[in-house]
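Novice: Here you go, this is run-v9.cif (mmCIF, C-alpha atoms).
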data_query
loop_
_atom_site.label_atom_id
_atom_site.label_comp_id
_atom_site.auth_asym_id
_atom_site.auth_seq_id
_atom_site.Cartn_x
_atom_site.Cartn_y
_atom_site.Cartn_z
CA MET A 1291 1.92 -22.50 20.38
CA PRO A 1292 1.02 -18.87 21.08
CA VAL A 1293 -1.87 -17.13 19.33
CA GLU A 1294 -2.07 -13.43 18.52
CA PHE A 1295 -4.89 -11.22 17.27
CA LEU A 1296 -4.42 -8.45 14.71
CA GLY A 1297 -7.02 -5.73 14.20
CA ILE A 1298 -7.17 -2.64 12.02
CA GLY A 1299 -5.77 0.77 12.92
CA ALA A 1300 -8.11 2.68 10.62
CA THR A 1301 -7.99 6.47 10.45
CA ASN A 1302 -11.74 6.94 9.85
CA ASP A 1303 -14.99 5.01 10.22
CA GLY A 1304 -15.55 4.23 6.55
CA SER A 1305 -15.75 0.66 5.26
CA GLU A 1306 -17.12 -1.35 2.35
CA THR A 1307 -20.60 -0.92 3.84
CA THR A 1308 -20.52 2.69 5.07
CA SER A 1309 -19.13 6.00 3.83
CA ARG A 1310 -16.87 7.74 6.32
CA SER A 1311 -18.49 10.41 8.46
CA GLY A 1312 -15.47 12.71 8.73
CA PRO A 1313 -12.04 13.43 7.24
CA ALA A 1314 -9.61 10.80 5.99
CA PHE A 1315 -7.60 11.24 9.19
CA ASP A 1316 -10.11 11.55 12.00
CA ARG A 1317 -7.81 11.78 15.01
CA GLN A 1318 -10.50 11.16 17.61
CA PHE A 1319 -11.86 8.08 15.83
CA THR A 1320 -8.33 6.76 15.23
CA LEU A 1321 -7.60 6.87 18.97
CA ARG A 1322 -11.00 5.47 19.96
CA LEU A 1323 -10.51 2.52 17.65
CA ALA A 1324 -6.95 1.83 18.82
CA ARG A 1325 -7.98 2.02 22.46
CA ALA A 1326 -10.95 -0.26 21.83
CA HIS A 1327 -8.61 -2.90 20.45
CA HIS A 1328 -6.17 -2.54 23.34
CA GLU A 1329 -8.93 -2.69 25.97
CA HIS A 1330 -10.62 -5.74 24.48
CA GLY A 1331 -7.81 -8.24 24.15
CA TRP A 1332 -6.26 -7.56 20.75
CA ASP A 1333 -2.47 -7.75 20.47
CA ARG A 1334 -1.75 -5.33 17.62
CA VAL A 1335 -3.34 -3.24 14.91
CA LEU A 1336 -2.42 -2.74 11.27
CA PHE A 1337 -1.80 0.72 9.86
CA ALA A 1338 -2.49 0.08 6.20
CA TYR A 1339 -1.10 1.82 3.12
CA GLY A 1340 -2.98 3.35 0.19
CA SER A 1341 -1.72 5.70 -2.48
CA GLY A 1342 -3.96 8.55 -1.34
CA SER A 1343 -4.37 7.62 2.33
CA PRO A 1344 -2.89 9.34 5.39
CA ASP A 1345 0.75 8.39 5.98
CA PRO A 1346 0.59 5.24 8.13
CA ALA A 1347 3.98 5.79 9.76
CA GLN A 1348 2.92 9.13 11.18
CA VAL A 1349 -0.47 7.78 12.24
CA ALA A 1350 1.25 4.84 13.95
CA ALA A 1351 3.56 7.21 15.82
CA TYR A 1352 0.53 9.28 16.88
CA VAL A 1353 -1.19 6.18 18.29
CA ALA A 1354 1.95 4.67 19.82
CA GLY A 1355 2.49 7.76 21.94
CA ARG A 1356 -1.08 7.66 23.28
CA VAL A 1357 -1.96 3.96 23.61
CA GLU A 1358 0.72 2.22 25.62
CA GLY A 1359 1.13 -1.51 25.16
CA LEU A 1360 -0.64 -1.86 21.82
CA GLN A 1361 1.58 -3.51 19.23
CA ILE A 1362 1.96 -1.90 15.80
CA LEU A 1363 2.01 -3.44 12.32
CA LEU A 1364 3.10 -0.79 9.84
CA ALA A 1365 2.43 -1.37 6.14
CA HIS A 1366 5.04 -0.01 3.73
CA ARG A 1367 5.50 -0.06 -0.03
CA PRO A 1368 9.13 -0.16 -1.21
CA ASN A 1369 8.40 2.08 -4.19
CA VAL A 1370 7.66 5.13 -2.04
CA SER A 1371 11.05 5.70 -0.38
CA TYR A 1372 14.68 4.65 -0.50
CA PRO A 1373 15.47 1.77 1.88
CA THR A 1374 18.12 3.71 3.83
CA PHE A 1375 15.52 6.40 4.57
CA ALA A 1376 12.82 3.88 5.38
CA LEU A 1377 14.90 1.85 7.82
CA LYS A 1378 15.58 5.02 9.85
CA THR A 1379 11.85 5.78 9.89
CA PHE A 1380 11.14 2.28 11.16
CA ALA A 1381 13.90 2.41 13.79
CA THR A 1382 12.63 5.79 15.01
CA LEU A 1383 9.09 4.43 15.27
CA ASP A 1384 10.36 1.42 17.19
CA GLN A 1385 12.02 3.87 19.58
CA ILE A 1386 8.82 5.93 19.93
CA SER A 1387 6.79 2.78 20.63
CA ASP A 1388 9.34 1.21 23.00
CA GLY A 1389 9.86 -1.78 20.74
CA ARG A 1390 6.29 -2.49 19.59
CA LEU A 1391 6.85 -2.36 15.82
CA THR A 1392 6.48 -4.98 13.10
CA VAL A 1393 6.84 -3.87 9.46
CA HIS A 1394 4.65 -5.33 6.71
CA PHE A 1395 6.21 -4.94 3.26
CA ILE A 1396 3.73 -4.61 0.38
CA THR A 1397 5.04 -5.57 -3.03
CA GLY A 1398 1.89 -4.36 -4.77
CA GLY A 1399 -0.36 -6.63 -6.78
CA ASN A 1400 -2.33 -3.89 -8.55
CA GLY A 1401 -0.49 -2.11 -11.36
CA HIS A 1402 -3.07 0.69 -11.47
CA GLU A 1403 -2.59 1.46 -7.76
CA GLN A 1404 1.21 1.27 -8.08
CA ALA A 1405 1.20 3.62 -11.08
CA ARG A 1406 -0.57 6.26 -9.00
CA GLU A 1407 2.75 6.80 -7.26
CA GLY A 1408 5.01 6.37 -10.25
CA ASP A 1409 5.75 2.64 -10.01
CA PHE A 1410 5.67 0.91 -13.41
CA LEU A 1411 7.68 -2.25 -12.74
CA SER A 1412 6.23 -5.65 -13.58
CA LYS A 1413 4.98 -7.83 -10.73
CA ASP A 1414 8.02 -10.12 -10.79
CA GLN A 1415 10.31 -7.08 -10.84
CA ARG A 1416 8.44 -5.68 -7.85
CA TYR A 1417 8.96 -8.89 -5.89
CA ALA A 1418 12.69 -8.83 -6.68
CA ARG A 1419 12.83 -5.21 -5.54
CA THR A 1420 10.97 -5.97 -2.32
CA ARG A 1421 13.34 -8.80 -1.46
CA GLU A 1422 16.37 -6.57 -2.03
CA TYR A 1423 14.71 -3.78 -0.05
CA ILE A 1424 14.04 -6.02 2.96
CA GLN A 1425 17.61 -7.28 2.94
CA ILE A 1426 18.91 -3.70 3.06
CA VAL A 1427 16.51 -2.74 5.84
CA LYS A 1428 17.54 -5.72 7.94
CA LYS A 1429 21.22 -4.94 7.49
CA GLY A 1430 20.73 -1.25 8.26
CA TRP A 1431 18.89 -2.14 11.48
CA THR A 1432 21.74 -4.33 12.71
CA SER A 1433 25.01 -3.03 11.21
CA ARG A 1434 27.19 -0.96 13.55
CA THR A 1435 29.71 -0.25 10.80
CA PRO A 1436 29.22 1.54 7.45
CA PHE A 1437 28.26 -0.65 4.52
CA SER A 1438 27.75 -0.25 0.79
CA HIS A 1439 25.32 -1.96 -1.54
CA GLU A 1440 25.07 -2.50 -5.28
CA GLY A 1441 22.08 -4.53 -6.42
CA GLU A 1442 19.51 -4.72 -9.17
CA HIS A 1443 17.40 -1.87 -7.79
CA TYR A 1444 19.51 0.03 -5.23
CA ARG A 1445 23.01 1.35 -4.98
CA PHE A 1446 24.65 3.37 -2.20
CA GLU A 1447 28.02 3.73 -0.49
CA ASP A 1448 29.26 3.91 3.10
CA PHE A 1449 25.87 4.10 4.85
CA LEU A 1450 25.48 3.85 8.61
CA SER A 1451 22.32 4.64 10.56
CA ASP A 1452 22.61 6.55 13.82
CA VAL A 1453 19.23 5.31 15.10
CA PHE A 1454 18.58 1.65 15.89
CA PRO A 1455 15.46 -0.27 16.89
CA VAL A 1456 14.71 -1.02 20.51
CA GLN A 1457 14.03 -4.65 19.55
CA GLN A 1458 17.12 -6.77 19.23
CA PRO A 1459 18.38 -7.91 16.92
CA ARG A 1460 15.61 -6.19 14.93
CA PRO A 1461 11.83 -5.79 14.50
CA ARG A 1462 9.94 -8.55 12.75
CA VAL A 1463 9.24 -8.45 9.01
CA SER A 1464 5.79 -9.31 7.67
CA PHE A 1465 5.00 -10.18 4.05
CA GLY A 1466 2.11 -11.50 1.97
CA GLY A 1467 1.26 -12.90 -1.44
CA SER A 1468 -0.16 -15.95 -3.18
CA SER A 1469 2.02 -16.41 -6.26
CA PRO A 1470 5.21 -18.46 -6.70
CA ALA A 1471 7.20 -15.20 -6.81
CA ALA A 1472 5.64 -14.16 -3.50
CA TYR A 1473 6.35 -17.53 -1.88
CA ALA A 1474 10.00 -17.28 -2.97
CA ALA A 1475 10.53 -13.73 -1.70
CA GLY A 1476 8.50 -14.05 1.49
CA GLY A 1477 9.69 -17.55 2.22
CA ALA A 1478 13.26 -16.26 2.15
CA GLU A 1479 12.82 -13.01 4.09
CA ALA A 1480 9.62 -12.91 6.18
CA ASP A 1481 9.28 -13.60 9.88
CA ILE A 1482 5.50 -13.59 9.39
CA TYR A 1483 3.77 -14.72 6.19
CA CYS A 1484 0.27 -13.32 5.66
CA LEU A 1485 -2.58 -14.99 3.80
CA TRP A 1486 -6.17 -14.05 3.09
CA GLY A 1487 -8.94 -16.28 4.38
CA GLU A 1488 -9.32 -19.26 2.07
CA PRO A 1489 -10.85 -22.68 2.79
CA LEU A 1490 -8.80 -24.90 5.08
CA ALA A 1491 -7.53 -27.16 2.30
CA GLN A 1492 -6.24 -24.27 0.18
CA THR A 1493 -4.73 -22.57 3.24
CA ALA A 1494 -2.84 -25.75 4.09
CA GLU A 1495 -1.50 -25.87 0.52
CA GLN A 1496 -0.27 -22.29 0.74
CA ILE A 1497 1.41 -22.89 4.10
CA ALA A 1498 3.22 -25.89 2.63
CA ALA A 1499 4.32 -23.85 -0.41
CA VAL A 1500 5.75 -21.06 1.75
CA ARG A 1501 7.55 -23.49 4.03
CA SER A 1502 9.03 -25.24 1.01
CA ALA A 1503 10.23 -21.92 -0.40
CA ALA A 1504 11.74 -20.97 2.96
CA LEU A 1505 13.69 -24.22 3.16
CA ALA A 1506 14.78 -23.88 -0.47
CA SER A 1507 16.24 -20.44 0.35
CA GLY A 1508 18.50 -22.02 2.93
CA ARG A 1509 16.65 -20.85 6.03
CA ARG A 1510 16.83 -22.94 9.17
CA ASP A 1511 13.82 -21.26 10.77
CA LEU A 1512 10.35 -21.00 9.23
CA PRO A 1513 7.95 -18.05 9.03
CA ARG A 1514 4.97 -17.80 11.33
CA PHE A 1515 1.61 -17.63 9.53
CA GLN A 1516 -1.21 -15.10 9.67
CA VAL A 1517 -4.65 -15.44 8.06
CA ALA A 1518 -7.19 -12.60 7.70
CA PHE A 1519 -11.00 -12.69 7.85
CA ARG A 1520 -14.06 -10.45 8.10
CA PRO A 1521 -16.06 -11.80 11.06
CA ILE A 1522 -19.85 -11.39 11.12
CA ILE A 1523 -21.11 -12.48 14.54
CA ALA A 1524 -24.42 -12.41 16.40
CA PRO A 1525 -25.94 -14.17 19.46
CA THR A 1526 -27.64 -16.85 17.32
CA GLU A 1527 -26.83 -18.49 13.99
CA GLU A 1528 -30.04 -17.19 12.48
CA ARG A 1529 -29.28 -13.60 13.45
CA ALA A 1530 -25.69 -13.94 12.25
CA TRP A 1531 -26.83 -15.01 8.79
CA GLU A 1532 -29.41 -12.22 8.71
CA LYS A 1533 -26.60 -9.80 9.55
CA ALA A 1534 -24.46 -11.34 6.80
CA ALA A 1535 -27.26 -10.79 4.26
CA ARG A 1536 -27.58 -7.14 5.31
CA THR A 1537 -23.82 -6.71 5.08
CA LEU A 1538 -23.70 -8.12 1.56
CA GLU A 1539 -26.58 -5.89 0.48
CA ALA A 1540 -24.75 -2.83 1.82
CA ILE A 1541 -21.52 -3.80 0.03
CA ARG A 1542 -23.37 -4.17 -3.24
CA ALA A 1543 -25.20 -0.87 -2.72
CA ARG A 1544 -21.91 0.97 -2.30
CA GLY A 1545 -20.52 -0.71 -5.40
CA THR A 1546 -17.28 0.64 -6.84
CA SER A 1547 -17.10 3.54 -4.38
CA SER A 1548 -15.43 1.19 -1.89
CA ARG A 1549 -13.06 -0.49 -4.36
CA ARG A 1550 -9.46 0.26 -5.22
CA LEU A 1551 -9.82 -0.97 -8.80
CA PRO A 1552 -11.64 0.97 -11.50
CA SER A 1553 -15.05 -0.43 -12.35
CA GLY A 1554 -14.97 -3.59 -14.44
CA ARG A 1555 -11.24 -4.25 -14.09
CA ALA A 1556 -10.36 -7.81 -13.05
CA PRO A 1557 -7.88 -8.29 -10.21
CA GLU A 1558 -4.26 -8.70 -11.26
CA ASN A 1559 -2.81 -10.23 -8.12
CA ALA A 1560 -2.92 -13.95 -7.45
CA GLY A 1561 -4.46 -13.56 -4.00
CA SER A 1562 -7.53 -11.75 -5.28
CA GLN A 1563 -7.82 -14.08 -8.25
CA ARG A 1564 -7.83 -17.02 -5.84
CA LEU A 1565 -10.59 -15.44 -3.72
CA VAL A 1566 -12.74 -14.77 -6.79
CA ALA A 1567 -12.28 -18.37 -7.96
CA ILE A 1568 -13.11 -19.74 -4.51
CA ALA A 1569 -16.26 -17.59 -4.40
CA ALA A 1570 -17.27 -18.88 -7.84
CA GLY A 1571 -16.90 -22.42 -6.50
CA GLY A 1572 -19.36 -21.95 -3.65
CA ASP A 1573 -20.76 -19.58 -1.05
CA ARG A 1574 -19.87 -21.60 2.05
CA TYR A 1575 -16.85 -23.68 3.03
CA ASP A 1576 -15.81 -25.61 6.09
CA ARG A 1577 -17.34 -24.52 9.39
CA ALA A 1578 -18.15 -20.84 8.77
CA LEU A 1579 -16.27 -19.41 5.78
CA TRP A 1580 -18.55 -17.31 3.56
CA THR A 1581 -17.37 -15.98 0.19
CA PRO A 1582 -20.06 -13.67 -1.33
CA THR A 1583 -18.41 -10.66 0.36
CA ALA A 1584 -15.24 -11.44 -1.60
CA ALA A 1585 -17.19 -11.84 -4.84
CA ALA A 1586 -18.96 -8.51 -4.29
CA THR A 1587 -15.66 -6.65 -3.93
CA GLY A 1588 -13.81 -8.47 -6.72
CA GLY A 1589 -11.58 -10.20 -4.18
CA ALA A 1590 -10.30 -6.85 -2.94
CA GLY A 1591 -7.97 -7.58 -0.06
CA ASN A 1592 -9.21 -9.17 3.15
CA SER A 1593 -12.77 -9.92 2.05
CA THR A 1594 -13.91 -13.43 2.99
CA ALA A 1595 -16.15 -13.64 6.05
CA LEU A 1596 -16.61 -15.99 8.99
CA VAL A 1597 -20.30 -16.06 9.91
CA GLY A 1598 -21.97 -17.39 13.04
CA THR A 1599 -22.21 -17.11 16.79
CA PRO A 1600 -19.04 -16.21 18.69
CA GLU A 1601 -18.62 -19.89 19.50
CA THR A 1602 -18.90 -20.91 15.84
CA VAL A 1603 -16.48 -18.24 14.64
CA ALA A 1604 -14.04 -19.07 17.43
CA GLN A 1605 -14.07 -22.75 16.49
CA ALA A 1606 -13.54 -21.82 12.83
CA LEU A 1607 -10.49 -19.77 13.81
CA LEU A 1608 -9.20 -22.69 15.86
CA ASP A 1609 -9.41 -24.86 12.74
CA TYR A 1610 -6.86 -22.53 11.16
CA TYR A 1611 -4.79 -22.50 14.33
CA ASP A 1612 -4.64 -26.28 14.11
CA LEU A 1613 -3.15 -25.89 10.61
CA GLY A 1614 -0.29 -23.87 12.10
CA VAL A 1615 -1.70 -20.33 11.89
CA GLU A 1616 -0.51 -18.36 14.94
CA ILE A 1617 -1.75 -14.88 14.05
CA LEU A 1618 -5.46 -14.34 13.43
CA SER A 1619 -6.37 -11.11 11.66
CA ALA A 1620 -9.96 -9.88 11.85
CA ARG A 1621 -11.78 -6.73 10.84
CA GLY A 1622 -15.52 -6.18 10.94
CA TYR A 1623 -17.59 -3.90 8.75
CA ASP A 1624 -18.54 -1.61 11.63
CA LEU A 1625 -14.92 -1.03 12.59
CA LEU A 1626 -15.38 0.14 16.16
CA GLU A 1627 -18.38 -1.88 17.35
CA ASP A 1628 -17.23 -5.07 15.67
CA ALA A 1629 -13.75 -4.74 17.22
CA VAL A 1630 -15.36 -4.49 20.66
CA ASP A 1631 -17.76 -7.39 20.07
CA PHE A 1632 -15.05 -9.65 18.65
CA GLY A 1633 -12.74 -8.81 21.53
CA ARG A 1634 -15.41 -9.47 24.14
CA HIS A 1635 -16.98 -12.60 22.71
CA VAL A 1636 -14.55 -14.38 20.35
CA ILE A 1637 -10.99 -13.72 21.53
CA PRO A 1638 -11.52 -15.18 25.05
CA ILE A 1639 -12.89 -18.44 23.61
CA VAL A 1640 -9.95 -18.85 21.24
CA ARG A 1641 -7.37 -18.06 23.91
CA GLU A 1642 -8.94 -20.51 26.36
CA GLU A 1643 -9.02 -23.28 23.76
CA VAL A 1644 -5.43 -22.60 22.68
CA ALA A 1645 -4.31 -22.78 26.32
CA LYS A 1646 -6.16 -26.09 26.65
CA ARG A 1647 -4.47 -27.46 23.53
CA ASP A 1648 -1.07 -26.36 24.85
CA ARG A 1649 -1.67 -28.12 28.18
CA GLU A 1650 -2.75 -31.30 26.42
CA ARG A 1651 0.28 -31.22 24.14
CA GLU A 1652 2.65 -30.65 27.04
CA ALA A 1653 1.07 -33.53 28.93
CA ALA A 1654 1.40 -35.81 25.89
CA GLU A 1655 5.04 -34.83 25.42
CA ALA A 1656 5.74 -35.45 29.09
CA GLY A 1657 4.18 -38.90 28.73
CA GLN A 1658 6.39 -39.69 25.76
CA HIS A 1659 9.53 -38.54 27.59
CA PRO A 1660 9.14 -39.64 31.22
CA ALA A 1661 11.60 -38.32 33.73
CA THR A 1662 14.62 -40.57 34.28
CA SER A 1663 14.20 -42.64 37.43
CA LEU A 1664 16.68 -41.99 40.21
CA VAL A 1665 15.88 -45.28 41.99
CA GLY A 1666 18.96 -47.42 42.49
CA ARG A 1667 21.44 -44.57 42.00
#
Any chance you could put this one into structure tokens?

Specialist:
Amino acid sequence: MPVEFLGIGATNDGSETTSRSGPAFDRQFTLRLARAHHEHGWDRVLFAYGSGSPDPAQVAAYVAGRVEGLQILLAHRPNVSYPTFALKTFATLDQISDGRLTVHFITGGNGHEQAREGDFLSKDQRYARTREYIQIVKKGWTSRTPFSHEGEHYRFEDFLSDVFPVQQPRPRVSFGGSSPAAYAAGGAEADIYCLWGEPLAQTAEQIAAVRSAALASGRRDLPRFQVAFRPIIAPTEERAWEKAARTLEAIRARGTSSRRLPSGRAPENAGSQRLVAIAAGGDRYDRALWTPTAAATGGAGNSTALVGTPETVAQALLDYYDLGVEILSARGYDLLEDAVDFGRHVIPIVREEVAKRDREREAAEAGQHPATSLVGR
């Protein structure tokens, strides 16, 4: 089973621990970070979406034209554009990148953030809209004849795009969420289902729920799974935990300046609520999962850490791989240096171990299905 690594295509050097040193779109830093990922074994980077952030589609196009070979994951919120417009944007970007695009659709779990751009639908309504939106985008990517649509959220007549993706039949669709509504929508439509880093037992439960939803929707295939972490690595366990303590102190010192939610507001989305509950249940889980970083940010997005030496963190990631997770997402707190360190010291261990597992599985399968003897024929 293949393994892929997803990093962050940030547009500046700010994080939960450090204020950015330049503008929101620092072109030089953006390229340095993308090149660091490409040169150190990462497969793709995420260009995230925020209501006030630089437009990720344009940033992705900027990087794609300057860093050949790096795969792109573009985040997109359905409330910000009509699906017929968006699917042309995506197809154009896939052309610019020579077929390196995957699109991550964000339903939006934070009503305050959604309202900043005029979206006042309920969460369940947003999931229904996202599902309809994805269906339109998929059809627009593949239809060579005009088509019309009349649904709950969108209506148009006789549309036909004149730009198509390089990838055939279409780019992959990525989706995330931790509620029953998310499982239903993503299970039906996603090629990749994204989860935040929870303990192994809870992750296995979520994978089972998504697979069940996918089968219930009538799919014959199943989504691939991605899980996201914040790695904190050092040459020794002691130094790694010292680094983790410094990281947590810095997060707390920054306080609400690094959060998307107003101060004191509890998270609305199920994923963040789950992370907060897991953190309340304990600081450490399994081999290396550490939750105080999630507690300090109110479960804001990808916020649980994996702490230890490169070997420890690699083995922790392999535990998730053994659950069926094929895409490992990681983002440090020093975006550039941590991307380099993780690429140098963790990715090679994971890839080597995955290759070993694949060889062992192939050998076992060959033993179960021996070649038919030709003796006597």

Novice: Counting all atoms listed in the file, figure out which residue out of A:Ser1343, A:Thr1379, A:Ser1387, A:Gln1415 gets nearest to A:Gly1430.

Specialist: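 Using all atoms listed in the file, the shortest distance to A:Gly1430 belongs to A:Thr1379.
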
Novice: With all atoms listed in the file as the basis for distance, which of A:Ser1468, A:Ser1619, A:Asn1369, A:Thr1599 is at the shortest distance from A:Val1636?

Specialist: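 Closest to A:Val1636 of all the choices is A:Thr1599.
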
Novice: Can you spell out as a list of chain:residue names the set of residues that the PyMOL selection byres ((chain A and resi 1462) around 9) selects in the structure I just provided?

Specialist: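 Applying the expression gives A:Leu1391, A:Thr1392, A:Val1393, A:His1394, A:Gln1457, A:Arg1460, A:Pro1461, A:Val1463, A:Ser1464, A:Ala1480, A:Asp1481, A:Ile1482.
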
Novice: Would you compute the distance between atom CA of A:Thr1301 and atom CA of A:His1366? Give it in Å to one decimal.

Specialist: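 According to the coordinates, atom CA of A:Thr1301 and atom CA of A:His1366 are separated by 16.0 Å.
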
Novice: Work out how far apart atom CA of A:Leu1485 and atom CA of A:Gln1516 are and give it in Å to one decimal.

Specialist: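 Going from atom CA of A:Leu1485 over to atom CA of A:Gln1516, I get 6.0 Å.
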
Novice: What would the selection look like, as a count of residues only, if the PyMOL selection byres ((chain A and resi 1400-1414) around 8) were run on the coordinates I just shared?

Specialist: 15

Novice: Run the PyMOL selection byres ((chain A and resi 1500) around 9) against the file shown and list the residues it catches, as a PyMOL selection string.

Specialist: chain A and resi 1470+1472-1474+1476-1478+1483+1495-1499+1501-1505+1512-1513

Novice: Show me the residues close to (-4.1, 14.3, 8.5) - anything with an atom within 12 Å, counting all atoms listed in the file - and format the list as a list in words.

Specialist: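 Counting all atoms listed in the file, I find these residues within 12 Å of (-4.1, 14.3, 8.5): Thr1301, Asn1302, Gly1312, Pro1313, Ala1314, Phe1315, Asp1316, Arg1317, Gln1318, Thr1320, Gly1342, Ser1343, Pro1344, Asp1345, Pro1346, Ala1347, Gln1348, Val1349 and Tyr1352 of chain A.
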
Novice: Return the single residue from A:His1635, A:Lys1378, A:Arg1621, A:Arg1520 that is closest to A:Thr1583, with distances computed using all atoms listed in the file.

Specialist: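 The answer is A:Arg1520, which sits nearest to A:Thr1583.
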
Novice: Quick one: residues within 12 Å of stretch 1524-1534 of chain A, all atoms listed in the file counted, chain neighbours fewer than 4 positions away excluded, as a VMD selection string?

Specialist: chain A and resid 1307 1520 1538 to 1541 1573 to 1574 1578 to 1583 1594 to 1603 1622 to 1624 1628 1631 to 1632 1635 to 1636
